[in-house]
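**Q** Sending over my_file.json (JSON, C-alpha atoms and all ligand atoms).
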```
[["chain", "number", "residue", "atom", "x", "y", "z"],
["U", 1, "MET", "CA", 102.65, 127.79, 65.62],
["U", 2, "PRO", "CA", 103.97, 128.96, 67.97],
["U", 3, "VAL", "CA", 101.81, 127.44, 70.69],
["U", 4, "PRO", "CA", 102.33, 127.63, 74.45],
["U", 5, "VAL", "CA", 103.78, 124.76, 76.42],
["U", 6, "VAL", "CA", 102.82, 124.26, 80.07],
["U", 7, "LEU", "CA", 102.87, 121.57, 82.72],
["U", 8, "VAL", "CA", 99.41, 120.70, 84.03],
["U", 9, "THR", "CA", 99.22, 119.09, 87.46],
["U", 10, "ALA", "CA", 96.31, 116.99, 88.69],
["U", 11, "ALA", "CA", 95.46, 114.89, 91.73],
["U", 12, "ALA", "CA", 92.67, 112.48, 92.57],
["U", 13, "GLU", "CA", 91.92, 110.13, 95.43],
["U", 14, "GLY", "CA", 93.82, 106.85, 95.16],
["U", 15, "PHE", "CA", 96.45, 108.22, 92.73],
["U", 16, "ARG", "CA", 99.76, 109.98, 93.29],
["U", 17, "PRO", "CA", 99.72, 113.57, 91.97],
["U", 18, "ASN", "CA", 100.86, 113.75, 88.36],
["U", 19, "MET", "CA", 101.87, 116.26, 85.71],
["U", 20, "ILE", "CA", 101.44, 116.31, 81.95],
["U", 21, "THR", "CA", 102.96, 118.52, 79.27],
["U", 22, "ILE", "CA", 100.27, 120.35, 77.32],
["U", 23, "ALA", "CA", 100.59, 122.51, 74.23],
["U", 24, "TRP", "CA", 96.89, 122.81, 73.49],
["U", 25, "THR", "CA", 95.88, 125.36, 76.08],
["U", 26, "GLY", "CA", 94.87, 129.00, 76.28],
["U", 27, "ILE", "CA", 92.47, 131.64, 77.57],
["U", 28, "VAL", "CA", 88.82, 131.51, 76.48],
["U", 29, "ASN", "CA", 86.94, 133.97, 78.70],
["U", 30, "SER", "CA", 87.67, 137.11, 80.70],
["U", 31, "GLU", "CA", 84.94, 137.44, 83.37],
["U", 32, "PRO", "CA", 85.25, 135.09, 85.09],
["U", 33, "PRO", "CA", 88.66, 134.20, 83.73],
["U", 34, "MET", "CA", 88.52, 130.84, 81.98],
["U", 35, "VAL", "CA", 91.13, 128.68, 80.30],
["U", 36, "TYR", "CA", 91.17, 125.31, 78.57],
["U", 37, "VAL", "CA", 93.40, 122.26, 78.34],
["U", 38, "SER", "CA", 92.85, 119.66, 75.64],
["U", 39, "ILE", "CA", 93.77, 116.13, 76.79],
["U", 40, "ARG", "CA", 93.56, 112.75, 75.07],
["U", 41, "PRO", "CA", 91.59, 110.19, 77.09],
["U", 42, "SER", "CA", 94.53, 107.77, 76.84],
["U", 43, "ARG", "CA", 96.71, 110.02, 79.05],
["U", 44, "HIS", "CA", 96.99, 109.05, 82.69],
["U", 45, "THR", "CA", 96.37, 112.68, 83.70],
["U", 46, "TYR", "CA", 93.07, 112.64, 81.82],
["U", 47, "GLU", "CA", 91.64, 110.25, 84.42],
["U", 48, "LEU", "CA", 92.81, 112.47, 87.29],
["U", 49, "VAL", "CA", 91.26, 115.60, 85.78],
["U", 50, "ARG", "CA", 88.05, 113.77, 84.91],
["U", 51, "ARG", "CA", 87.66, 112.40, 88.43],
["U", 52, "SER", "CA", 88.67, 115.52, 90.38],
["U", 53, "GLY", "CA", 87.32, 118.22, 88.06],
["U", 54, "GLU", "CA", 90.40, 120.29, 88.87],
["U", 55, "TYR", "CA", 93.82, 121.10, 87.49],
["U", 56, "VAL", "CA", 96.66, 123.58, 87.80],
["U", 57, "ILE", "CA", 98.39, 125.17, 84.80],
["U", 58, "ASN", "CA", 102.06, 125.76, 85.58],
["U", 59, "VAL", "CA", 103.82, 128.12, 83.17],
["U", 60, "PRO", "CA", 107.51, 127.30, 82.77],
["U", 61, "SER", "CA", 110.58, 129.42, 82.30],
["U", 62, "VAL", "CA", 113.47, 128.33, 80.03],
["U", 63, "ASP", "CA", 115.14, 126.78, 83.09],
["U", 64, "GLN", "CA", 112.43, 124.11, 83.19],
["U", 65, "VAL", "CA", 112.45, 123.10, 79.52],
["U", 66, "ARG", "CA", 114.08, 119.71, 80.14],
["U", 67, "GLN", "CA", 111.61, 118.72, 82.84],
["U", 68, "THR", "CA", 108.69, 119.95, 80.73],
["U", 69, "ASP", "CA", 109.78, 117.80, 77.80],
["U", 70, "TYR", "CA", 110.34, 114.78, 80.05],
["U", 71, "CYS", "CA", 106.80, 114.98, 81.47],
["U", 72, "GLY", "CA", 105.51, 114.87, 77.90],
["U", 73, "VAL", "CA", 107.27, 111.66, 76.94],
["U", 74, "VAL", "CA", 106.75, 109.45, 79.99],
["U", 75, "SER", "CA", 103.55, 108.49, 81.80],
["U", 76, "GLY", "CA", 102.64, 108.89, 85.43],
["U", 77, "ARG", "CA", 101.32, 105.34, 85.19],
["U", 78, "ASP", "CA", 104.95, 104.16, 85.05],
["U", 79, "VAL", "CA", 106.92, 106.73, 87.04],
["U", 80, "ASP", "CA", 106.56, 109.31, 89.79],
["U", 81, "LYS", "CA", 107.33, 112.39, 87.71],
["U", 82, "PHE", "CA", 107.91, 114.60, 90.75],
["U", 83, "LYS", "CA", 110.55, 112.18, 91.99],
["U", 84, "GLU", "CA", 112.16, 111.77, 88.58],
["U", 85, "THR", "CA", 112.33, 115.50, 87.76],
["U", 86, "GLY", "CA", 113.08, 116.82, 91.24],
["U", 87, "LEU", "CA", 110.29, 119.40, 90.85],
["U", 88, "THR", "CA", 108.61, 120.40, 94.11],
["U", 89, "PRO", "CA", 104.84, 120.02, 94.63],
["U", 90, "VAL", "CA", 103.33, 122.61, 96.97],
["U", 91, "PRO", "CA", 99.71, 122.71, 98.16],
["U", 92, "ALA", "CA", 97.32, 124.95, 96.21],
["U", 93, "ALA", "CA", 94.76, 127.20, 97.91],
["U", 94, "HIS", "CA", 91.54, 125.93, 96.27],
["U", 95, "VAL", "CA", 92.25, 122.62, 94.50],
["U", 96, "LYS", "CA", 93.85, 119.28, 95.35],
["U", 97, "ALA", "CA", 96.27, 119.43, 92.43],
["U", 98, "PRO", "CA", 99.66, 120.80, 93.58],
["U", 99, "LEU", "CA", 101.42, 123.89, 92.30],
["U", 100, "ILE", "CA", 104.95, 123.35, 90.99],
["U", 101, "LYS", "CA", 107.17, 125.57, 93.14],
["U", 102, "GLU", "CA", 109.91, 126.14, 90.55],
["U", 103, "PHE", "CA", 107.46, 127.35, 87.87],
["U", 104, "PRO", "CA", 107.06, 131.16, 87.87],
["U", 105, "VAL", "CA", 103.29, 131.25, 87.26],
["U", 106, "ASN", "CA", 100.57, 128.83, 88.45],
["U", 107, "LEU", "CA", 96.83, 128.98, 87.72],
["U", 108, "GLU", "CA", 94.42, 126.98, 89.88],
["U", 109, "CYS", "CA", 91.42, 125.87, 87.82],
["U", 110, "ARG", "CA", 88.08, 124.15, 88.37],
["U", 111, "VAL", "CA", 86.44, 122.43, 85.41],
["U", 112, "VAL", "CA", 83.15, 124.09, 84.45],
["U", 113, "GLU", "CA", 82.56, 122.35, 81.13],
["U", 114, "THR", "CA", 84.02, 119.45, 79.19],
["U", 115, "VAL", "CA", 83.79, 119.39, 75.42],
["U", 116, "LYS", "CA", 84.23, 115.91, 73.92],
["U", 117, "LEU", "CA", 85.96, 116.05, 70.55],
["U", 118, "PRO", "CA", 86.92, 113.07, 68.37],
["U", 119, "THR", "CA", 90.45, 112.63, 69.78],
["U", 120, "HIS", "CA", 90.69, 114.98, 72.79],
["U", 121, "ASP", "CA", 88.49, 116.23, 75.61],
["U", 122, "VAL", "CA", 88.64, 119.96, 76.18],
["U", 123, "PHE", "CA", 88.44, 120.78, 79.88],
["U", 124, "ILE", "CA", 87.32, 124.38, 80.26],
["U", 125, "GLY", "CA", 88.30, 125.63, 83.69],
["U", 126, "GLU", "CA", 87.49, 128.69, 85.72],
["U", 127, "VAL", "CA", 90.66, 130.24, 87.14],
["U", 128, "LEU", "CA", 90.27, 130.34, 90.92],
["U", 129, "ALA", "CA", 93.68, 131.77, 91.77],
["U", 130, "VAL", "CA", 96.89, 132.86, 90.07],
["U", 131, "HIS", "CA", 100.27, 132.64, 91.80],
["U", 132, "PHE", "CA", 103.47, 134.35, 90.73],
["U", 133, "ASN", "CA", 106.96, 133.73, 92.06],
["U", 134, "GLU", "CA", 108.09, 137.06, 93.49],
["U", 135, "GLU", "CA", 111.26, 137.08, 91.38],
["U", 136, "VAL", "CA", 109.27, 137.54, 88.15],
["U", 137, "LEU", "CA", 107.44, 140.69, 89.29],
["U", 138, "ASN", "CA", 108.67, 144.21, 88.55],
["U", 139, "GLU", "CA", 108.60, 147.15, 91.00],
["U", 140, "ASN", "CA", 104.90, 147.78, 90.18],
["U", 141, "GLY", "CA", 103.95, 144.23, 91.05],
["U", 142, "ARG", "CA", 103.36, 143.32, 87.41],
["U", 143, "VAL", "CA", 104.76, 140.27, 85.67],
["U", 144, "ASP", "CA", 107.96, 141.07, 83.81],
["U", 145, "VAL", "CA", 108.25, 138.91, 80.69],
["U", 146, "ASP", "CA", 112.04, 139.24, 80.70],
["U", 147, "LYS", "CA", 112.10, 137.75, 84.19],
["U", 148, "VAL", "CA", 109.69, 134.89, 83.38],
["U", 149, "ARG", "CA", 111.73, 134.04, 80.26],
["U", 150, "PRO", "CA", 108.90, 132.06, 78.67],
["U", 151, "TYR", "CA", 109.28, 129.83, 75.66],
["U", 152, "ALA", "CA", 106.97, 128.31, 73.06],
["U", 153, "PHE", "CA", 106.53, 125.06, 71.15],
["U", 154, "CYS", "CA", 107.19, 125.57, 67.48],
["U", 155, "MET", "CA", 107.12, 122.79, 64.89],
["U", 156, "GLN", "CA", 108.27, 120.18, 67.46],
["U", 157, "GLU", "CA", 110.97, 122.54, 68.80],
["U", 158, "TYR", "CA", 111.13, 124.56, 72.00],
["U", 159, "ARG", "CA", 111.98, 128.18, 71.20],
["U", 160, "THR", "CA", 112.49, 131.22, 73.38],
["U", 161, "VAL", "CA", 110.38, 134.38, 73.21],
["U", 162, "VAL", "CA", 113.04, 137.04, 72.87],
["U", 163, "GLU", "CA", 112.65, 140.37, 71.14],
["U", 164, "GLN", "CA", 109.86, 142.89, 71.70],
["U", 165, "ILE", "CA", 108.62, 144.11, 68.31],
["U", 166, "GLY", "CA", 105.59, 146.14, 69.39],
["U", 167, "GLY", "CA", 103.09, 146.67, 72.18],
["U", 168, "TYR", "CA", 99.30, 146.45, 72.50],
["U", 169, "GLY", "CA", 97.75, 149.24, 70.41],
["U", 170, "PHE", "CA", 101.10, 150.73, 69.35],
["U", 171, "SER", "CA", 99.85, 150.99, 65.75],
["U", 172, "LYS", "CA", 97.34, 153.58, 67.03],
["U", 173, "GLY", "CA", 99.82, 155.35, 69.28],
["U", 174, "VAL", "CA", 98.94, 153.61, 72.56],
["U", 175, "GLU", "CA", 101.91, 153.79, 74.91],
["U", 176, "HIS", "CA", 103.05, 150.46, 76.29],
["U", 177, "LYS", "CA", 104.78, 150.12, 79.65],
["N", 1, "LIG", "C1", 105.53, 119.57, 73.91],
["N", 1, "LIG", "C2", 104.42, 118.58, 74.18],
["N", 1, "LIG", "C3", 103.09, 118.99, 74.10],
["N", 1, "LIG", "C4", 102.05, 118.08, 74.36],
["N", 1, "LIG", "N1", 100.75, 118.52, 74.31],
["N", 1, "LIG", "C5", 99.74, 117.67, 74.60],
["N", 1, "LIG", "C6", 98.38, 118.13, 74.61],
["N", 1, "LIG", "O1", 98.09, 119.31, 74.37],
["N", 1, "LIG", "N2", 97.40, 117.22, 74.91],
["N", 1, "LIG", "C7", 97.69, 115.91, 75.20],
["N", 1, "LIG", "O2", 96.76, 115.12, 75.46],
["N", 1, "LIG", "N3", 98.98, 115.45, 75.21],
["N", 1, "LIG", "C8", 99.99, 116.30, 74.93],
["N", 1, "LIG", "N4", 101.30, 115.84, 74.95],
["N", 1, "LIG", "C9", 101.57, 114.43, 75.26],
["N", 1, "LIG", "C10", 101.56, 114.13, 76.75],
["N", 1, "LIG", "O3", 102.24, 115.12, 77.48],
["N", 1, "LIG", "C11", 102.26, 112.74, 76.98],
["N", 1, "LIG", "O4", 101.53, 111.75, 76.33],
["N", 1, "LIG", "C12", 102.49, 112.42, 78.45],
["N", 1, "LIG", "O5", 103.47, 111.41, 78.52],
["N", 1, "LIG", "C13", 101.23, 111.97, 79.16],
["N", 1, "LIG", "O6", 101.53, 111.77, 80.51],
["N", 1, "LIG", "P1", 100.53, 111.02, 81.52],
["N", 1, "LIG", "O7", 100.25, 109.65, 80.93],
["N", 1, "LIG", "O8", 101.33, 110.92, 82.80],
["N", 1, "LIG", "O9", 99.31, 111.85, 81.66],
["N", 1, "LIG", "C14", 102.35, 116.73, 74.69],
["N", 1, "LIG", "C15", 103.69, 116.32, 74.77],
["N", 1, "LIG", "C16", 104.73, 117.23, 74.52],
["N", 1, "LIG", "C17", 106.16, 116.79, 74.63]]
```
Hey, can you dump this file as structure tokens for me?
Ligand SMILES: Cc1cc2nc3c(=O)[nH]c(=O)nc-3n(C[C@H](O)[C@H](O)[C@H](O)COP(=O)(O)O)c2cc1C
**A**
Amino acid sequence: MPVPVVLVTAAAEGFRPNMITIAWTGIVNSEPPMVYVSIRPSRHTYELVRRSGEYVINVPSVDQVRQTDYCGVVSGRDVDKFKETGLTPVPAAHVKAPLIKEFPVNLECRVVETVKLPTHDVFIGEVLAVHFNEEVLNENGRVDVDKVRPYAFCMQEYRTVVEQIGGYGFSKGVEHK
């Protein structure tokens, strides 16, 4: 710990679009950019990702912590999570899975490899597009962490990411902006 916590959206023919809370996720390659999400086959979303070969990673801000938790304790088999949370699905550019409008960062992904592990399947996805809500960008067009206000999952608790204690390469004198 800490680990990230994101909402992953997926859609497949014959199902309503769904979202699942995922803590086991991250970046695994730079060119092309690739990420992974690790999903238990018992999850409803697993079936949607398996069938469509696509997903969107939606990175939340502290404002969405309640909805993110909710989507991790109920199943899309039983409820329409978009309806229940009031979150807004918007069409993506390259995949059928929707972006969540209220989430500051969204990554559209296409599955390029699936690694079957004993309890989870790891869906490795190529990132086809990244969207940022304008409000989280600074004057140089770069993401401003203070505006995103991300949080992490830490020993079963959601905790904010607050204080800057260094910057990339600062131990060797690299200036960080
Ligand atoms: C903070 C948090 C993190 C979670 N991380 C994962 C994960 O990485 N992989 C997974 O398969 N389930 C994870 N879950 C559980 C699923 O989100 C949960 O079972 C969800 O209700 C499944 O929804 P679905 O049936 O609509 O797909 C997590 C739940 C929470 C609350």
**Q** May I have the residues within 6 Å of ligand LIG 1 (chain N), computed using all atoms listed in the file, as JSON, numbers by chain?
**A** {"U": [20, 21, 22, 23, 24, 38, 39, 40, 43, 44, 45, 69, 71, 72, 73, 74, 75, 76]}
**Q** Find the axis-aligned box for region 61-79 of chain U, covering all its listed atoms and adding 4 Å on each side, and write its centre and edge lengths in Å to one decimal as AutoDock Vina command-line options.
**A**
```
--center_x 108.2 --center_y 116.8 --center_z 82.0 --size_x 21.8 --size_y 33.3 --size_z 18.1
```
**Q** For Gly125 (chain U), which of U:Gly167, U:Gly86, U:Pro2, U:Pro33 is the closest residue, counting only C-alpha atoms?
**A**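 Closest residue, counting only C-alpha atoms: U:Pro33.
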**Q** From the list U:Pro60, U:Pro17, U:Gly26, U:Pro98, which residue is nearest Arg77 (chain U) when using all atoms listed in the file?
**A**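 For Arg77 (chain U), the nearest of the candidates is U:Pro17.
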**Q** Out of U:Phe123, U:Phe132, U:Phe170, U:Phe15, which residue has the shortest atom-to-atom distance to Val35 (chain U) when counting all atoms listed in the file?
**A**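 The closest residue to Val35 (chain U) is U:Phe123.
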**Q** With distances taken over all atoms listed in the file, which residue among U:Val56, U:Val130, U:Pro104, U:Glu31 lies nearest Arg149 (chain U)?
**A** U:Pro104
**Q** Work out how far CA of Thr9 (chain U) is from CA of Arg142 (chain U), in Å to one decimal.
**A**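 Distance reported for this atom pair: 24.6 Å.
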**Q** What's the separation between CA of Glu126 (chain U) and CA of Arg110 (chain U), in Å to one decimal place?
**A**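 The value is 5.3 Å.
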**Q** Need to verify the contact set: Thr68 (chain U), 12 Å, only C-alpha atoms, exclusion of same-chain residues closer than 2 positions in sequence. Can you return it as a ChimeraX atom specification?
**A** /U:4-9,19-23,58-66,70-74,81-82,84-87,100,102-103,151-153,158
**Q** Can you work out which one of U:Ala92, U:Ala11, U:Val49, U:Val161 has the shortest atom-to-atom distance to Asn106 (chain U), counting all atoms listed in the file?
**A** U:Ala92
**Q** Could you name the residues that touch Val111 (chain U) at 10 Å or less, counting only C-alpha atoms, but leaving out those on the same chain fewer than 3 positions away, as a PyMOL selection string?
**A** chain U and resi 34-37+49-50+52-55+114+122-127
**Q** Which residue, U:Ala12, U:Glu139, U:Val145, U:Asp78, has the smallest gap to Val95 (chain U) when you use all atoms listed in the file?
**A**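 Ranking U:Ala12, U:Glu139, U:Val145, U:Asp78 by distance to Val95 (chain U), first place goes to U:Ala12.
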**Q** Please, what distance in Å, to one decimal, runs between CA of Asn18 (chain U) and CA of Ile57 (chain U)?
**A**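 Separation of CA of Asn18 (chain U) and CA of Ile57 (chain U): 12.2 Å.
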